[in-house]
$ cat final_5.pdb   # PDB, C-alpha atoms and all ligand atoms
ATOM      1  CA  ALA C 143     -63.030 -93.649-105.486
ATOM      2  CA  LYS C 144     -61.563 -93.240-108.931
ATOM      3  CA  CYS C 145     -60.029 -96.718-108.898
ATOM      4  CA  VAL C 146     -60.721 -99.848-106.887
ATOM      5  CA  LYS C 147     -57.990-102.198-107.956
ATOM      6  CA  GLY C 148     -55.123-102.358-110.370
ATOM      7  CA  CYS C 149     -53.755-105.185-112.483
ATOM      8  CA  ASP C 150     -50.773-107.505-112.205
ATOM      9  CA  VAL C 151     -48.731-105.966-114.981
ATOM     10  CA  ALA C 152     -48.369-102.812-117.030
ATOM     11  CA  LEU C 153     -45.460-101.889-119.291
ATOM     12  CA  ALA C 154     -43.304 -98.782-119.148
ATOM     13  CA  SER C 155     -41.906 -97.585-122.454
ATOM     14  CA  TYR C 156     -38.312 -96.703-121.594
ATOM     15  CA  TYR C 157     -36.396 -94.625-124.146
ATOM     16  CA  ILE C 158     -32.758 -95.628-124.104
ATOM     17  CA  ILE C 159     -29.946 -93.092-124.169
ATOM     18  CA  PRO C 160     -26.256 -94.080-124.500
ATOM     19  CA  SER C 161     -25.358 -93.863-120.787
ATOM     20  CA  ILE C 162     -28.125 -96.327-119.858
ATOM     21  CA  GLN C 163     -27.658-100.084-119.725
ATOM     22  CA  LEU C 164     -30.032-102.885-118.774
ATOM     23  CA  ARG C 165     -28.364-102.912-115.364
ATOM     24  CA  ASN C 166     -29.438 -99.297-114.781
ATOM     25  CA  ILE C 167     -32.970 -99.916-115.986
ATOM     26  CA  SER C 168     -33.433-102.966-113.764
ATOM     27  CA  ASN C 169     -32.164-100.875-110.886
ATOM     28  CA  PHE C 170     -34.414 -97.841-111.540
ATOM     29  CA  MET C 171     -37.466 -99.949-112.412
ATOM     30  CA  GLN C 172     -37.103-102.487-109.642
ATOM     31  CA  SER C 173     -40.354-104.007-108.376
ATOM     32  CA  LYS C 174     -41.747-107.378-107.404
ATOM     33  CA  ILE C 175     -41.719-108.137-111.159
ATOM     34  CA  VAL C 176     -38.248-106.843-112.035
ATOM     35  CA  LEU C 177     -35.746-107.897-109.404
ATOM     36  CA  THR C 178     -32.360-106.170-109.134
ATOM     37  CA  ASN C 179     -29.849-107.379-111.677
ATOM     38  CA  SER C 180     -32.278-109.850-113.143
ATOM     39  CA  PHE C 181     -32.639-109.014-116.797
ATOM     40  CA  ASP C 182     -34.586-112.044-117.944
ATOM     41  CA  VAL C 183     -38.036-110.648-117.256
ATOM     42  CA  ILE C 184     -37.304-107.381-119.059
ATOM     43  CA  MET C 185     -35.764-109.267-121.971
ATOM     44  CA  SER C 186     -38.786-111.571-122.202
ATOM     45  CA  TYR C 187     -41.014-108.591-123.050
ATOM     46  CA  ASN C 188     -38.561-107.330-125.670
ATOM     47  CA  ARG C 189     -37.551-110.411-127.601
ATOM     48  CA  ASP C 190     -37.602-108.545-130.892
ATOM     49  CA  VAL C 191     -35.274-105.739-129.766
ATOM     50  CA  VAL C 192     -33.049-106.958-126.922
ATOM     51  CA  PHE C 193     -30.918-109.947-127.814
ATOM     52  CA  ASP C 194     -28.299-109.869-125.113
ATOM     53  CA  LYS C 195     -27.733-108.171-121.790
ATOM     54  CA  SER C 196     -25.244-105.582-123.048
ATOM     55  CA  GLY C 197     -26.981-104.974-126.329
ATOM     56  CA  LEU C 198     -29.425-102.163-125.725
ATOM     57  CA  ILE C 199     -29.823-100.011-128.795
ATOM     58  CA  SER C 200     -29.659 -96.306-127.992
ATOM     59  CA  TYR C 201     -32.529 -94.080-129.133
ATOM     60  CA  THR C 202     -34.981 -96.966-129.185
ATOM     61  CA  ARG C 203     -37.546 -97.990-126.596
ATOM     62  CA  ILE C 204     -37.972-101.112-124.529
ATOM     63  CA  ASN C 205     -41.004-102.158-122.483
ATOM     64  CA  VAL C 206     -40.360-102.706-118.797
ATOM     65  CA  PRO C 207     -43.053-104.613-116.856
ATOM     66  CA  PHE C 208     -44.220-103.230-113.511
ATOM     67  CA  PRO C 209     -47.167-103.766-111.134
ATOM     68  CA  CYS C 210     -50.095-101.422-111.763
ATOM     69  CA  GLU C 211     -51.785-100.540-108.483
ATOM     70  CA  CYS C 212     -54.696 -98.405-107.367
ATOM     71  CA  ILE C 213     -52.931 -95.728-105.356
ATOM     72  CA  GLY C 214     -54.966 -94.191-102.544
ATOM     73  CA  GLY C 215     -58.182 -94.947-104.436
ATOM     74  CA  GLU C 216     -57.242 -92.077-106.724
ATOM     75  CA  PHE C 217     -55.281 -93.300-109.729
ATOM     76  CA  LEU C 218     -53.528 -96.317-111.223
ATOM     77  CA  GLY C 219     -49.781 -96.274-110.869
ATOM     78  CA  HIS C 220     -46.721 -97.639-109.210
ATOM     79  CA  VAL C 221     -44.278 -95.928-106.886
ATOM     80  CA  PHE C 222     -40.697 -96.888-107.622
ATOM     81  CA  GLU C 223     -37.998 -96.079-105.110
ATOM     82  CA  TYR C 224     -34.921 -94.261-106.335
ATOM     83  CA  THR C 225     -31.895 -93.653-104.122
ATOM     84  CA  THR C 226     -30.222 -90.336-104.914
ATOM     85  CA  LYS C 227     -26.586 -89.781-105.611
ATOM     86  CA  GLU C 228     -24.476 -86.606-105.685
ATOM     87  CA  GLY C 229     -25.702 -84.130-108.273
ATOM     88  CA  ASP C 230     -29.202 -85.550-108.732
ATOM     89  CA  ASP C 231     -32.168 -83.259-109.088
ATOM     90  CA  TYR C 232     -35.823 -83.903-109.937
ATOM     91  CA  ASP C 233     -35.359 -83.063-113.605
ATOM     92  CA  LEU C 234     -32.502 -85.576-113.952
ATOM     93  CA  ILE C 235     -34.496 -88.229-112.081
ATOM     94  CA  ALA C 236     -37.733 -87.706-114.042
ATOM     95  CA  ASN C 237     -36.409 -87.096-117.524
ATOM     96  CA  THR C 238     -33.120 -88.998-117.652
ATOM     97  CA  TYR C 239     -33.196 -91.900-115.193
ATOM     98  CA  TYR C 240     -36.947 -92.467-115.570
ATOM     99  CA  ALA C 241     -37.075 -91.471-119.244
ATOM    100  CA  SER C 242     -40.011 -89.048-118.699
ATOM    101  CA  LEU C 243     -42.158 -91.885-117.310
ATOM    102  CA  THR C 244     -42.710 -89.532-114.369
ATOM    103  CA  THR C 245     -42.596 -85.752-114.132
ATOM    104  CA  VAL C 246     -40.928 -83.159-111.932
ATOM    105  CA  GLU C 247     -44.442 -82.192-110.748
ATOM    106  CA  LEU C 248     -45.173 -85.764-109.595
ATOM    107  CA  LEU C 249     -41.798 -85.954-107.836
ATOM    108  CA  LYS C 250     -42.547 -82.673-106.033
ATOM    109  CA  LYS C 251     -46.016 -83.906-105.097
ATOM    110  CA  PHE C 252     -44.960 -87.266-103.621
ATOM    111  CA  ASN C 253     -41.707 -86.253-101.932
ATOM    112  CA  SER C 254     -41.354 -83.857 -99.045
ATOM    113  CA  TYR C 255     -37.842 -82.681 -99.963
ATOM    114  CA  ASP C 256     -37.125 -79.124-100.956
ATOM    115  CA  PRO C 257     -36.614 -79.592-104.728
ATOM    116  CA  ASN C 258     -33.472 -77.454-104.550
ATOM    117  CA  HIS C 259     -31.922 -79.410-101.685
ATOM    118  CA  ILE C 260     -32.434 -83.120-102.207
ATOM    119  CA  PRO C 261     -30.109 -85.037 -99.899
ATOM    120  CA  VAL C 262     -27.692 -87.683-101.184
ATOM    121  CA  LYS C 263     -28.715 -91.317-100.544
ATOM    122  CA  ALA C 264     -32.310 -90.203-100.054
ATOM    123  CA  LYS C 265     -35.179 -92.488-101.045
ATOM    124  CA  ILE C 266     -37.328 -90.763-103.640
ATOM    125  CA  ASN C 267     -40.895 -91.827-104.491
ATOM    126  CA  VAL C 268     -41.027 -92.088-108.267
ATOM    127  CA  THR C 269     -44.658 -92.325-109.372
ATOM    128  CA  VAL C 270     -45.402 -93.789-112.793
ATOM    129  CA  ILE C 271     -49.012 -93.937-113.935
ATOM    130  CA  CYS C 272     -50.497 -96.941-115.722
ATOM    131  CA  SER C 273     -53.656 -98.328-117.296
ATOM    132  CA  CYS C 274     -55.384-101.695-117.001
ATOM    133  CA  GLY C 275     -57.731-101.086-119.921
ATOM    134  CA  ASN C 276     -61.257 -99.862-120.483
ATOM    135  CA  SER C 277     -64.093-102.320-121.093
ATOM    136  CA  GLN C 278     -66.183 -99.591-122.739
ATOM    137  CA  ILE C 279     -63.609 -99.169-125.457
ATOM    138  CA  SER C 280     -62.459-102.759-125.960
ATOM    139  CA  LYS C 281     -62.293-105.969-123.988
ATOM    140  CA  ASP C 282     -59.539-107.242-126.250
ATOM    141  CA  TYR C 283     -56.820-105.288-124.445
ATOM    142  CA  GLY C 284     -55.862-105.651-120.794
ATOM    143  CA  LEU C 285     -52.139-104.925-120.887
ATOM    144  CA  PHE C 286     -51.086-101.323-121.518
ATOM    145  CA  VAL C 287     -47.866 -99.474-122.194
ATOM    146  CA  THR C 288     -47.303 -96.222-120.318
ATOM    147  CA  TYR C 289     -45.817 -94.330-123.236
ATOM    148  CA  PRO C 290     -44.113 -90.928-122.803
ATOM    149  CA  LEU C 291     -44.516 -89.025-126.060
ATOM    150  CA  ARG C 292     -41.387 -87.678-127.689
ATOM    151  CA  SER C 293     -41.022 -85.029-130.356
ATOM    152  CA  ASP C 294     -40.680 -87.546-133.200
ATOM    153  CA  ASP C 295     -43.870 -89.420-132.289
ATOM    154  CA  THR C 296     -47.101 -89.289-134.260
ATOM    155  CA  LEU C 297     -50.265 -91.348-133.930
ATOM    156  CA  ALA C 298     -49.570 -92.936-137.312
ATOM    157  CA  LYS C 299     -46.045 -94.041-136.330
ATOM    158  CA  ILE C 300     -47.176 -95.383-132.966
ATOM    159  CA  ALA C 301     -50.059 -97.300-134.557
ATOM    160  CA  THR C 302     -47.830 -98.835-137.221
ATOM    161  CA  LYS C 303     -45.255 -99.911-134.658
ATOM    162  CA  ALA C 304     -47.931-101.384-132.378
ATOM    163  CA  GLY C 305     -49.706-103.075-135.265
ATOM    164  CA  LEU C 306     -52.972-101.432-134.262
ATOM    165  CA  ASP C 307     -55.592 -99.174-135.717
ATOM    166  CA  GLU C 308     -55.062 -95.432-135.140
ATOM    167  CA  GLY C 309     -58.689 -94.968-134.162
ATOM    168  CA  LEU C 310     -58.440 -97.600-131.444
ATOM    169  CA  ILE C 311     -55.357 -95.989-129.903
ATOM    170  CA  GLN C 312     -56.989 -92.567-130.075
ATOM    171  CA  ASN C 313     -60.105 -93.966-128.342
ATOM    172  CA  PHE C 314     -58.014 -95.128-125.427
ATOM    173  CA  ASN C 315     -56.565 -91.591-125.184
ATOM    174  CA  GLN C 316     -59.575 -89.419-125.915
ATOM    175  CA  ASP C 317     -58.093 -85.935-125.871
ATOM    176  CA  ALA C 318     -54.483 -86.763-126.585
ATOM    177  CA  ASN C 319     -52.516 -85.080-129.339
ATOM    178  CA  PHE C 320     -49.856 -87.656-130.179
ATOM    179  CA  SER C 321     -47.719 -85.066-131.964
ATOM    180  CA  ILE C 322     -47.345 -82.778-128.991
ATOM    181  CA  GLY C 323     -43.934 -84.158-128.009
ATOM    182  CA  SER C 324     -44.556 -84.686-124.283
ATOM    183  CA  GLY C 325     -46.984 -86.237-121.839
ATOM    184  CA  ILE C 326     -48.129 -89.821-121.345
ATOM    185  CA  VAL C 327     -50.442 -91.933-123.511
ATOM    186  CA  PHE C 328     -51.506 -95.551-123.063
ATOM    187  CA  ILE C 329     -51.006 -98.030-125.888
ATOM    188  CA  PRO C 330     -52.164-101.670-125.832
ATOM    189  CA  GLY C 331     -49.073-103.802-125.235
ATOM    190  CA  ARG C 332     -47.981-107.330-126.009
ATOM    191  CA  ASP C 333     -47.262-110.037-123.468
ATOM    192  CA  GLN C 334     -44.134-112.210-123.254
ATOM    193  CA  ASN C 335     -45.384-114.309-126.165
ATOM    194  CA  GLY C 336     -45.833-111.262-128.362
ATOM    195  CA  HIS C 337     -49.621-111.360-128.138
ATOM    196  CA  PHE C 338     -52.147-108.787-127.047
ATOM    197  CA  PHE C 339     -53.672-109.667-123.733
ATOM    198  CA  PRO C 340     -57.439-109.449-123.194
ATOM    199  CA  LEU C 341     -59.071-107.576-120.359
ATOM    200  CA  TYR C 342     -60.232-109.820-117.489
ATOM    201  CA  SER C 343     -58.280-112.942-118.419
ATOM    202  CA  ARG C 344     -55.841-112.259-115.597
ATOM    203  CA  THR C 345     -58.634-112.615-113.054
ATOM    204  CA  GLY C 346     -59.434-116.041-114.473
ATOM    205  CA  ILE C 347     -62.663-114.901-116.098
ATOM    206  CA  ALA C 348     -62.716-116.067-119.689
ATOM    207  CA  LYS C 349     -63.247-113.487-122.404
ATOM    208  CA  HIS C 350     -66.671-114.779-123.422
ATOM    209  CA  HIS C 351     -67.698-116.040-120.027
ATOM    210  CA  HIS C 352     -71.436-116.031-119.407
ATOM    211  CA  HIS C 353     -72.366-114.757-116.008
ATOM    212  CA  HIS C 354     -74.655-116.929-113.905
ATOM    213  CA  HIS C 355     -76.743-115.216-111.294
TER     214      HIS C 355
HETATM  215  C1  LIG L 401     -25.426 -97.400-114.789
HETATM  216  O1  LIG L 401     -24.790 -98.479-114.166
HETATM  217  C2  LIG L 401     -23.373 -98.359-114.144
HETATM  218  C3  LIG L 401     -22.824 -99.658-113.588
HETATM  219  O2  LIG L 401     -23.477-100.047-112.426
HETATM  220  C4  LIG L 401     -23.010 -97.155-113.269
HETATM  221  O3  LIG L 401     -21.615 -96.996-113.204
HETATM  222  C5  LIG L 401     -23.651 -95.917-113.887
HETATM  223  O4  LIG L 401     -23.426 -94.794-113.053
HETATM  224  C6  LIG L 401     -25.141 -96.117-114.042
HETATM  225  N1  LIG L 401     -25.706 -94.998-114.784
HETATM  226  C7  LIG L 401     -26.635 -94.226-114.281
HETATM  227  C8  LIG L 401     -27.134 -93.159-115.198
HETATM  228  O5  LIG L 401     -27.072 -94.356-113.147
HETATM  229  C1  LIG L 402     -42.796 -91.447-100.000
HETATM  230  O1  LIG L 402     -44.117 -91.923 -99.887
HETATM  231  C2  LIG L 402     -44.400 -92.501 -98.619
HETATM  232  C3  LIG L 402     -45.790 -93.102 -98.670
HETATM  233  O2  LIG L 402     -46.722 -92.143 -99.079
HETATM  234  C4  LIG L 402     -44.251 -91.426 -97.556
HETATM  235  O3  LIG L 402     -44.489 -92.002 -96.279
HETATM  236  C5  LIG L 402     -42.834 -90.854 -97.602
HETATM  237  O4  LIG L 402     -42.695 -89.806 -96.690
HETATM  238  C6  LIG L 402     -42.538 -90.335 -99.007
HETATM  239  N1  LIG L 402     -41.141 -89.913 -99.102
HETATM  240  C7  LIG L 402     -40.798 -88.649 -99.161
HETATM  241  C8  LIG L 402     -39.337 -88.405 -99.313
HETATM  242  O5  LIG L 402     -41.590 -87.733 -99.091
HETATM  243  C1  LIG L 403     -51.121 -81.404-132.191
HETATM  244  O1  LIG L 403     -49.862 -80.853-131.835
HETATM  245  C2  LIG L 403     -49.086 -80.453-132.971
HETATM  246  C3  LIG L 403     -47.717 -80.050-132.435
HETATM  247  O2  LIG L 403     -47.816 -79.112-131.396
HETATM  248  C4  LIG L 403     -49.812 -79.323-133.685
HETATM  249  O3  LIG L 403     -49.061 -78.925-134.826
HETATM  250  C5  LIG L 403     -51.191 -79.816-134.116
HETATM  251  O4  LIG L 403     -51.923 -78.760-134.699
HETATM  252  C6  LIG L 403     -51.963 -80.379-132.947
HETATM  253  N1  LIG L 403     -53.173 -80.997-133.448
HETATM  254  C7  LIG L 403     -54.377 -80.712-132.957
HETATM  255  C8  LIG L 403     -55.510 -81.470-133.548
HETATM  256  O5  LIG L 403     -54.531 -79.920-132.050
END
$ encode --input "final_5.pdb" --output "structure tokens"
Amino acid sequence: AKCVKGCDVALASYYIIPSIQLRNISNFMQSKIVLTNSFDVIMSYNRDVVFDKSGLISYTRINVPFPCECIGGEFLGHVFEYTTKEGDDYDLIANTYYASLTTVELLKKFNSYDPNHIPVKAKINVTVICSCGNSQISKDYGLFVTYPLRSDDTLAKIATKAGLDEGLIQNFNQDANFSIGSGIVFIPGRDQNGHFFPLYSRTGIAKHHHHHH
């Protein structure tokens, strides 16, 4: 098995375009963490950028919390459920509604519909990958942002914005080229208090806990 268990929370970096409001995001990214039409949880992870429910700033990103699960023993992710409306296709779902957090390939893989004939009001499995950290790289980080790269991203910009060392972020994404303009990388994220969250603390094991045998 490539994974055994996931973690309670990961964050999805959602790039906001003008037609998208918090209402839409809470609908697309609904889970046991983000309930429909409940914006408080999303806002609590974005205190520095979202000040009121109607005040999303276009062309910026917000972090949306979601459960990070071990799917089929194969990979860490979460499957959101999207209900189609007239005119939807996989490209629109992946790259507009889900802000490139998933891909057309993943939609094709996890849905049996003919990509050219997706019914209206159909339930679509929207798979978003996540990370719970890597103890071999650092035990200081246990909350990660699933971050779709865009054309204006660079490692330097991402590191500055995160307040982290470039080398650390690169280590968590060994072969990634952060300037490539597409694809997913994982960046250590901050909790609702604005702090980084250590690996293992969620399980109740303290960071410097000594194991007794
Ligand atoms: C966003 O939500 C509004 C209000 O519910 C809705 O009219 C609009 O179609 C939604 N936008 C998208 C892209 O789904
Ligand atoms: C969505 O995933 C579930 C669980 O794997 C599967 O049973 C269902 O058929 C999938 N939906 C589609 C439309 O393929
Ligand atoms: C990373 O991608 C950019 C944009 O495609 C390219 O210019 C650059 O050479 C790449 N860097 C490496 C190390 O491959």
$ atom_distance --input "final_5.pdb" --atom1 "CA of His337 in chain C" --atom2 "CA of Gly284 in chain C"
11.2 Å
$ resolve_selection --input "final_5.pdb" --expression "the PyMOL selection byres (((not hetatm)) within 9 of (chain L and resi 403))" --output "JSON, numbers by chain"
{"C": [293, 318, 319, 320, 321, 322, 323]}
$ atom_distance --input "final_5.pdb" --atom1 "CA of Cys274 in chain C" --atom2 "CA of Cys212 in chain C"
10.2 Å
$ residues_around --input "final_5.pdb" --residues "Ile326 in chain C" --least-positions-apart "5" --cutoff "7 Å" --atoms "only C-alpha atoms" --output "number ranges by chain"
C: 288-291
$ closest_atom_pairs --input "final_5.pdb" --of "chain C" --to "ligand LIG 402 (chain L)" --cutoff "9 Å" --atoms "only C-alpha atoms and all ligand atoms" --output "JSON lines"
{"residue": "C:Val221", "atom": "CA", "partner": "L:LIG402", "partner_atom": "O1", "distance": 8.1}
{"residue": "C:Glu223", "atom": "CA", "partner": "L:LIG402", "partner_atom": "C1", "distance": 8.4}
{"residue": "C:Leu249", "atom": "CA", "partner": "L:LIG402", "partner_atom": "O5", "distance": 8.9}
{"residue": "C:Lys250", "atom": "CA", "partner": "L:LIG402", "partner_atom": "O5", "distance": 8.6}
{"residue": "C:Lys251", "atom": "CA", "partner": "L:LIG402", "partner_atom": "O5", "distance": 8.4}
{"residue": "C:Phe252", "atom": "CA", "partner": "L:LIG402", "partner_atom": "O5", "distance": 5.7}
{"residue": "C:Asn253", "atom": "CA", "partner": "L:LIG402", "partner_atom": "O5", "distance": 3.2}
{"residue": "C:Ser254", "atom": "CA", "partner": "L:LIG402", "partner_atom": "O5", "distance": 3.9}
{"residue": "C:Tyr255", "atom": "CA", "partner": "L:LIG402", "partner_atom": "C8", "distance": 6.0}
{"residue": "C:Ala264", "atom": "CA", "partner": "L:LIG402", "partner_atom": "C8", "distance": 7.3}
{"residue": "C:Lys265", "atom": "CA", "partner": "L:LIG402", "partner_atom": "C8", "distance": 6.1}
{"residue": "C:Ile266", "atom": "CA", "partner": "L:LIG402", "partner_atom": "C8", "distance": 5.3}
{"residue": "C:Asn267", "atom": "CA", "partner": "L:LIG402", "partner_atom": "C1", "distance": 4.9}
{"residue": "C:Val268", "atom": "CA", "partner": "L:LIG402", "partner_atom": "C1", "distance": 8.5}
$ residues_near_ligand --input "final_5.pdb" --ligand "ligand LIG 401 (chain L)" --cutoff "6 Å" --atoms "only C-alpha atoms and all ligand atoms" --output "list in words"
Ser161, Ile162, Arg165 and Asn166 of chain C
$ resolve_selection --input "final_5.pdb" --expression "the PyMOL selection byres (((chain C and resi 214) around 10) and not hetatm)" --output "number ranges by chain"
C: 143-146, 211-213, 215-218
$ resolve_selection --input "final_5.pdb" --expression "the PyMOL selection byres (((chain C and resi 179) around 10) and not hetatm)" --output "list of chain:residue names"
C:Leu164, C:Arg165, C:Asn166, C:Ile167, C:Ser168, C:Asn169, C:Gln172, C:Val176, C:Leu177, C:Thr178, C:Ser180, C:Phe181, C:Asp182
$ residues_near_point --input "final_5.pdb" --point "(-47.8, -92.6, -134.6)" --cutoff "12 Å" --atoms "only C-alpha atoms" --output "ChimeraX atom specification"
/C:289,291-309,311-312,318-323,327,329
$ closest_residue --input "final_5.pdb" --among "C:Ile279, C:Ile204, C:Val246, C:Leu198" --to "Arg332 in chain C" --atoms "all atoms listed in the file"
C:Ile204
$ closest_residue --input "final_5.pdb" --among "C:Pro330, C:Pro340, C:Pro209, C:Pro261" --to "Glu228 in chain C" --atoms "all atoms listed in the file"
C:Pro261
$ atom_distance --input "final_5.pdb" --atom1 "CA of Asp282 in chain C" --atom2 "CA of Phe338 in chain C"
7.6 Å
$ residues_around --input "final_5.pdb" --residues "range 150-156 of chain C" --least-positions-apart "4" --cutoff "6 Å" --atoms "all atoms listed in the file" --output "PyMOL selection string"
chain C and resi 203-210+241+285-289
$ closest_residue --input "final_5.pdb" --among "C:Phe222, C:Phe193, C:Phe339, C:Phe314" --to "Tyr240 in chain C" --atoms "only C-alpha atoms"
C:Phe222
$ closest_residue --input "final_5.pdb" --among "C:Tyr342, C:Tyr232, C:Tyr239, C:Tyr224" --to "Lys281 in chain C" --atoms "all atoms listed in the file"
C:Tyr342
$ build_atoms --input "final_5.pdb" --residues "range 277-285 of chain C" --atoms "all heavy atoms" --output "PDB file, in the frame of the given file"
ATOM      1  N   SER C 277     -63.150-101.380-120.473  1.00  0.00           N
ATOM      2  CA  SER C 277     -64.093-102.320-121.093  1.00  0.00           C
ATOM      3  C   SER C 277     -65.053-101.612-122.044  1.00  0.00           C
ATOM      4  O   SER C 277     -65.608-102.229-122.944  1.00  0.00           O
ATOM      5  CB  SER C 277     -64.885-103.054-120.011  1.00  0.00           C
ATOM      6  OG  SER C 277     -65.637-102.131-119.270  1.00  0.00           O
ATOM      7  N   GLN C 278     -65.260-100.307-121.864  1.00  0.00           N
ATOM      8  CA  GLN C 278     -66.183 -99.591-122.739  1.00  0.00           C
ATOM      9  C   GLN C 278     -65.563 -99.295-124.097  1.00  0.00           C
ATOM     10  O   GLN C 278     -66.271 -98.986-125.044  1.00  0.00           O
ATOM     11  CB  GLN C 278     -66.636 -98.303-122.054  1.00  0.00           C
ATOM     12  CG  GLN C 278     -67.293 -98.670-120.741  1.00  0.00           C
ATOM     13  CD  GLN C 278     -68.034 -97.548-120.096  1.00  0.00           C
ATOM     14  OE1 GLN C 278     -67.592 -96.400-120.154  1.00  0.00           O
ATOM     15  NE2 GLN C 278     -69.143 -97.860-119.474  1.00  0.00           N
ATOM     16  N   ILE C 279     -64.265 -99.401-124.168  1.00  0.00           N
ATOM     17  CA  ILE C 279     -63.609 -99.169-125.457  1.00  0.00           C
ATOM     18  C   ILE C 279     -63.289-100.494-126.139  1.00  0.00           C
ATOM     19  O   ILE C 279     -63.608-100.686-127.305  1.00  0.00           O
ATOM     20  CB  ILE C 279     -62.365 -98.275-125.279  1.00  0.00           C
ATOM     21  CG1 ILE C 279     -62.855 -96.872-124.912  1.00  0.00           C
ATOM     22  CG2 ILE C 279     -61.507 -98.240-126.537  1.00  0.00           C
ATOM     23  CD1 ILE C 279     -61.819 -95.960-124.377  1.00  0.00           C
ATOM     24  N   SER C 280     -62.690-101.424-125.402  1.00  0.00           N
ATOM     25  CA  SER C 280     -62.459-102.759-125.960  1.00  0.00           C
ATOM     26  C   SER C 280     -62.090-103.731-124.853  1.00  0.00           C
ATOM     27  O   SER C 280     -61.316-103.385-123.959  1.00  0.00           O
ATOM     28  CB  SER C 280     -61.336-102.725-127.000  1.00  0.00           C
ATOM     29  OG  SER C 280     -61.030-104.043-127.399  1.00  0.00           O
ATOM     30  N   LYS C 281     -62.645-104.926-124.956  1.00  0.00           N
ATOM     31  CA  LYS C 281     -62.293-105.969-123.988  1.00  0.00           C
ATOM     32  C   LYS C 281     -61.135-106.821-124.507  1.00  0.00           C
ATOM     33  O   LYS C 281     -60.717-107.767-123.862  1.00  0.00           O
ATOM     34  CB  LYS C 281     -63.505-106.858-123.688  1.00  0.00           C
ATOM     35  CG  LYS C 281     -64.634-106.133-122.977  1.00  0.00           C
ATOM     36  CD  LYS C 281     -65.665-107.128-122.452  1.00  0.00           C
ATOM     37  CE  LYS C 281     -66.756-106.487-121.621  1.00  0.00           C
ATOM     38  NZ  LYS C 281     -67.674-105.608-122.390  1.00  0.00           N
ATOM     39  N   ASP C 282     -60.626-106.460-125.668  1.00  0.00           N
ATOM     40  CA  ASP C 282     -59.539-107.242-126.250  1.00  0.00           C
ATOM     41  C   ASP C 282     -58.166-106.865-125.694  1.00  0.00           C
ATOM     42  O   ASP C 282     -57.179-107.531-125.986  1.00  0.00           O
ATOM     43  CB  ASP C 282     -59.505-107.058-127.774  1.00  0.00           C
ATOM     44  CG  ASP C 282     -60.748-107.635-128.430  1.00  0.00           C
ATOM     45  OD1 ASP C 282     -61.366-108.538-127.823  1.00  0.00           O
ATOM     46  OD2 ASP C 282     -61.100-107.186-129.542  1.00  0.00           O
ATOM     47  N   TYR C 283     -58.119-105.770-124.918  1.00  0.00           N
ATOM     48  CA  TYR C 283     -56.820-105.288-124.445  1.00  0.00           C
ATOM     49  C   TYR C 283     -56.832-105.062-122.939  1.00  0.00           C
ATOM     50  O   TYR C 283     -57.627-104.266-122.433  1.00  0.00           O
ATOM     51  CB  TYR C 283     -56.438-103.992-125.171  1.00  0.00           C
ATOM     52  CG  TYR C 283     -56.472-104.181-126.671  1.00  0.00           C
ATOM     53  CD1 TYR C 283     -57.597-103.798-127.411  1.00  0.00           C
ATOM     54  CD2 TYR C 283     -55.430-104.814-127.332  1.00  0.00           C
ATOM     55  CE1 TYR C 283     -57.655-104.025-128.784  1.00  0.00           C
ATOM     56  CE2 TYR C 283     -55.486-105.042-128.699  1.00  0.00           C
ATOM     57  CZ  TYR C 283     -56.597-104.644-129.418  1.00  0.00           C
ATOM     58  OH  TYR C 283     -56.654-104.882-130.766  1.00  0.00           O
ATOM     59  N   GLY C 284     -55.939-105.766-122.242  1.00  0.00           N
ATOM     60  CA  GLY C 284     -55.862-105.651-120.794  1.00  0.00           C
ATOM     61  C   GLY C 284     -54.445-105.430-120.297  1.00  0.00           C
ATOM     62  O   GLY C 284     -54.182-105.450-119.106  1.00  0.00           O
ATOM     63  N   LEU C 285     -53.531-105.220-121.246  1.00  0.00           N
ATOM     64  CA  LEU C 285     -52.139-104.925-120.887  1.00  0.00           C
ATOM     65  C   LEU C 285     -51.765-103.652-121.638  1.00  0.00           C
ATOM     66  O   LEU C 285     -51.902-103.600-122.865  1.00  0.00           O
ATOM     67  CB  LEU C 285     -51.231-106.086-121.318  1.00  0.00           C
ATOM     68  CG  LEU C 285     -49.715-105.875-121.180  1.00  0.00           C
ATOM     69  CD1 LEU C 285     -49.312-105.658-119.728  1.00  0.00           C
ATOM     70  CD2 LEU C 285     -48.948-107.063-121.767  1.00  0.00           C
TER      71      LEU C 285
END
